[in-house]
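**Student:** Structure incoming, see below.
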Amino acid sequence: MPNNHAYCIIMAGGIGSRFWPISRAGLPKQFLDFSIQGRSFLRRTYDRMKAVIPEENILVVTLERYREQVVSQLPELPEENLLLEPYNRNTAPCIAFATYAILQRDPAAVTVVTPSDHAIARHEVFNRTLLDAIAYAEGSDALITLGVVPTRPDSNFGYIQMAGHPEPGSPVKVKTFTEKPDAELARVFIETKEFLWNSGIFVWRAEAIRRALEKYAPEITRLWDGWRDVLGSENEKPFLERIYTDMPRISIDYAVMEKTDNAWVYPAEFRWADIGNWESLYEYLAYHDEQGNALNRTSRRLLKDCSDNIVYSTRDDKLLALRGMEDFIVIDTDDVLMICPRDEEKLKDFLSQLAMPEYEEYR
């Protein structure tokens, strides 16, 4: 029987700049399909969550500029469940907005917060984990994050250290958070068996996170004075425009989770990946040839003496012919061809040049 007090916040306002030139300011990563499934990250996240949460209780938070993309991909989403931020201010302001909107409807709400761009497999394990975490949160003030049992030392993910040994079906207190350690430290973390990957998926009572935000992030909550009278009214949009001008840009991890003594982590064994950069996409792409080249399509490729490349095309009518390339990223779109070494720092430095005025039309 569905829990009518269970809600979900899908955060879908990111701009996906790391995946340029596929992800652009006008059509960022969450609205794209990098797989062969024919469903975007947002669509798959929504479908995944409605297996656990009553569909009328799923809210999507995005930017005003992405309203049409969300409506197009989720036509069944009720208008009142689409929350539009005027500016991107990271996850803490996003969660505050959605929490106030949910509390207006249901003071007893228990909320799941999830990004819109994660890849998750073993859905039956995911569903069971989420239901257990919701049941635990419903009876406590715990601020719970799902921690995925790591399968390898990966420096692309954040880590959570457990303060003790978890009991089946229950969370355990958080000891420390570590954001993207280097490869050697990640190996040490794995060896201790005390660390989990930080999934960025949270479960808590709406009232509990409201109080935590007021305690640890008053620079956010003070701007929301009067929210009960404004949200859902004709004054909502000008109110949001005004407060978001002064809203700090800060993640929920920094704003609350790393400050509170009430952070808990629920160990989970579903398969999970945060598709946050080209390296994580390398693992996610459906097809890898015998030389380790990751491809988004299996046809119209001619690769000779090539290995460990990411080769991605948005077109079916063009042959991509490569020879003698190793550890490169080759991305072909209608208006951009990008060829860059498969090195995150080099790529980040390279893409920073897009801020120049002469490249504005390609951003």
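In the structure tokens, chains take the letters A, B, ... in the order shown, each chain's residues start at 1, and ligands count up from 1 in the order shown.
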DSSP on the backbone: which residues in region 77-225 of chain A end up as helix (DSSP H, G or I)? Give the answer as a PyMOL selection string.
**Tutor:** chain A and resi 79-81+91-105+123-138+183-192+206-216+218-224
**Student:** May I have a table of the residues of region 122-234 of chain A lying at most 6 Å from region 92-116 of chain A, giving each one's closest pair of atoms and their distance in Å to one decimal, counting only C-alpha atoms, ordered by chain and ascending residue number, as a tab-separated table?
**Tutor:**
residue	atom	partner	partner_atom	distance
A:Ile201	CA	A:Thr114	CA	4.7
A:Phe202	CA	A:Val113	CA	5.0
A:Val203	CA	A:Val112	CA	4.5
A:Trp204	CA	A:Thr111	CA	5.5
A:Arg205	CA	A:Val110	CA	4.1
A:Ala206	CA	A:Ala109	CA	5.6
**Student:** Show me, as a tab-separated table, the residues of region 128-150 of chain A having an atom within 9 Å of region 50-65 of chain A, each with the closest atom pair and its distance in Å, using only C-alpha atoms.
**Tutor:**
residue	atom	partner	partner_atom	distance
A:Arg128	CA	A:Val52	CA	8.8
A:Leu130	CA	A:Val52	CA	7.7
A:Leu131	CA	A:Val52	CA	7.2
**Student:** Could you tell me how far CA of Pro248 (chain A) sits from CA of Pro21 (chain A), in Å to one decimal place?
**Tutor:**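 Separating CA of Pro21 (chain A) from CA of Pro248 (chain A) is a distance of 28.4 Å.
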**Student:** Between A:Arg43, A:His5, A:Arg24, A:Arg187, which residue has the minimum interatomic distance to Glu361 (chain A), considering only C-alpha atoms?
**Tutor:**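 Nearest to Glu361 (chain A): A:Arg24.
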**Student:** At what distance in Å, to one decimal, does CA of Ile243 (chain A) lie from CA of Pro218 (chain A)?
**Tutor:** 13.3 Å
**Student:** Show me, as a ChimeraX atom specification, the residues that have an atom within 12 Å of Asn296 (chain A) when counting only C-alpha atoms, minus same-chain residues fewer than 4 positions from it.
**Tutor:** /A:33-37,281-289,300-301,309-316,330-332
**Student:** Let's see if you can do this: from backbone DSSP, list all strand (DSSP E or B) residues in region 167-250 of chain A, as a PyMOL selection string.
**Tutor:** chain A and resi 172-178+195-205
**Student:** Residues at most 8 Å from Val125 (chain A), counting only C-alpha atoms, excluding those fewer than 2 positions away in the same chain, as a list in words?
**Tutor:** Arg122, His123, Asn127, Arg128, Thr129, Ala268, Glu269 and Phe270 of chain A
**Student:** For region 339-346 of chain A, please output as a list in words all residues within 6 Å (counting only C-alpha atoms; exclusion window: fewer than 3 positions along the same chain).
**Tutor:**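 Returned residues: Asp327, Phe328, Ile329, Val330 and Asp349 of chain A.
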**Student:** Next, the residues of the selection above should be written as a PDB file, in the first residue's frame with N, CA and C atoms.
**Tutor:**
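Once written, result.pdb looks like this:
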ATOM      1  N   ASP A 327      43.286   7.071 -25.730  1.00  0.00           N
ATOM      2  CA  ASP A 327      42.867   7.923 -24.603  1.00  0.00           C
ATOM      3  C   ASP A 327      42.448   9.318 -25.065  1.00  0.00           C
ATOM      4  N   PHE A 328      41.589   9.379 -26.044  1.00  0.00           N
ATOM      5  CA  PHE A 328      41.045  10.657 -26.519  1.00  0.00           C
ATOM      6  C   PHE A 328      39.529  10.657 -26.379  1.00  0.00           C
ATOM      7  N   ILE A 329      38.975  11.850 -26.375  1.00  0.00           N
ATOM      8  CA  ILE A 329      37.529  12.052 -26.452  1.00  0.00           C
ATOM      9  C   ILE A 329      37.234  12.670 -27.811  1.00  0.00           C
ATOM     10  N   VAL A 330      36.385  12.021 -28.584  1.00  0.00           N
ATOM     11  CA  VAL A 330      36.005  12.513 -29.909  1.00  0.00           C
ATOM     12  C   VAL A 330      34.482  12.647 -29.929  1.00  0.00           C
ATOM     13  N   ASP A 349      40.346  22.699 -18.486  1.00  0.00           N
ATOM     14  CA  ASP A 349      41.051  23.901 -18.932  1.00  0.00           C
ATOM     15  C   ASP A 349      40.636  24.280 -20.353  1.00  0.00           C
TER      16      ASP A 349
END
**Student:** Have a look at A:Glu236, A:Asp274, A:Asp154, A:Glu214 and name the one nearest to Val256 (chain A); count only C-alpha atoms.
**Tutor:**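 That would be A:Glu214, the residue with the smallest distance to Val256 (chain A).
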**Student:** Report, in Å with one decimal, the straight-line distance from CA of Ile250 (chain A) to CA of Trp20 (chain A).
**Tutor:**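 We find that CA of Ile250 (chain A) and CA of Trp20 (chain A) lie 23.3 Å from each other.
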**Student:** Determine, counting only C-alpha atoms, which protein, DNA and RNA residues have an atom within 12 Å of an atom of Thr260 (chain A); residues of the same chain fewer than 4 positions away are not included. Present the result as JSON, numbers by chain.
**Tutor:** {"A": [141, 142, 143, 144, 173, 174, 175, 176, 177, 208, 209, 211, 212, 213, 214, 215, 216, 217, 252, 253, 254, 255, 256, 264]}
**Student:** I'd like to know which of A:Arg271, A:Ile190, A:Ala294, A:Gly232 is closest to Leu84 (chain A), using only C-alpha atoms.
**Tutor:**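 When distances to Leu84 (chain A) are compared using only C-alpha atoms, the smallest one comes from A:Gly232.
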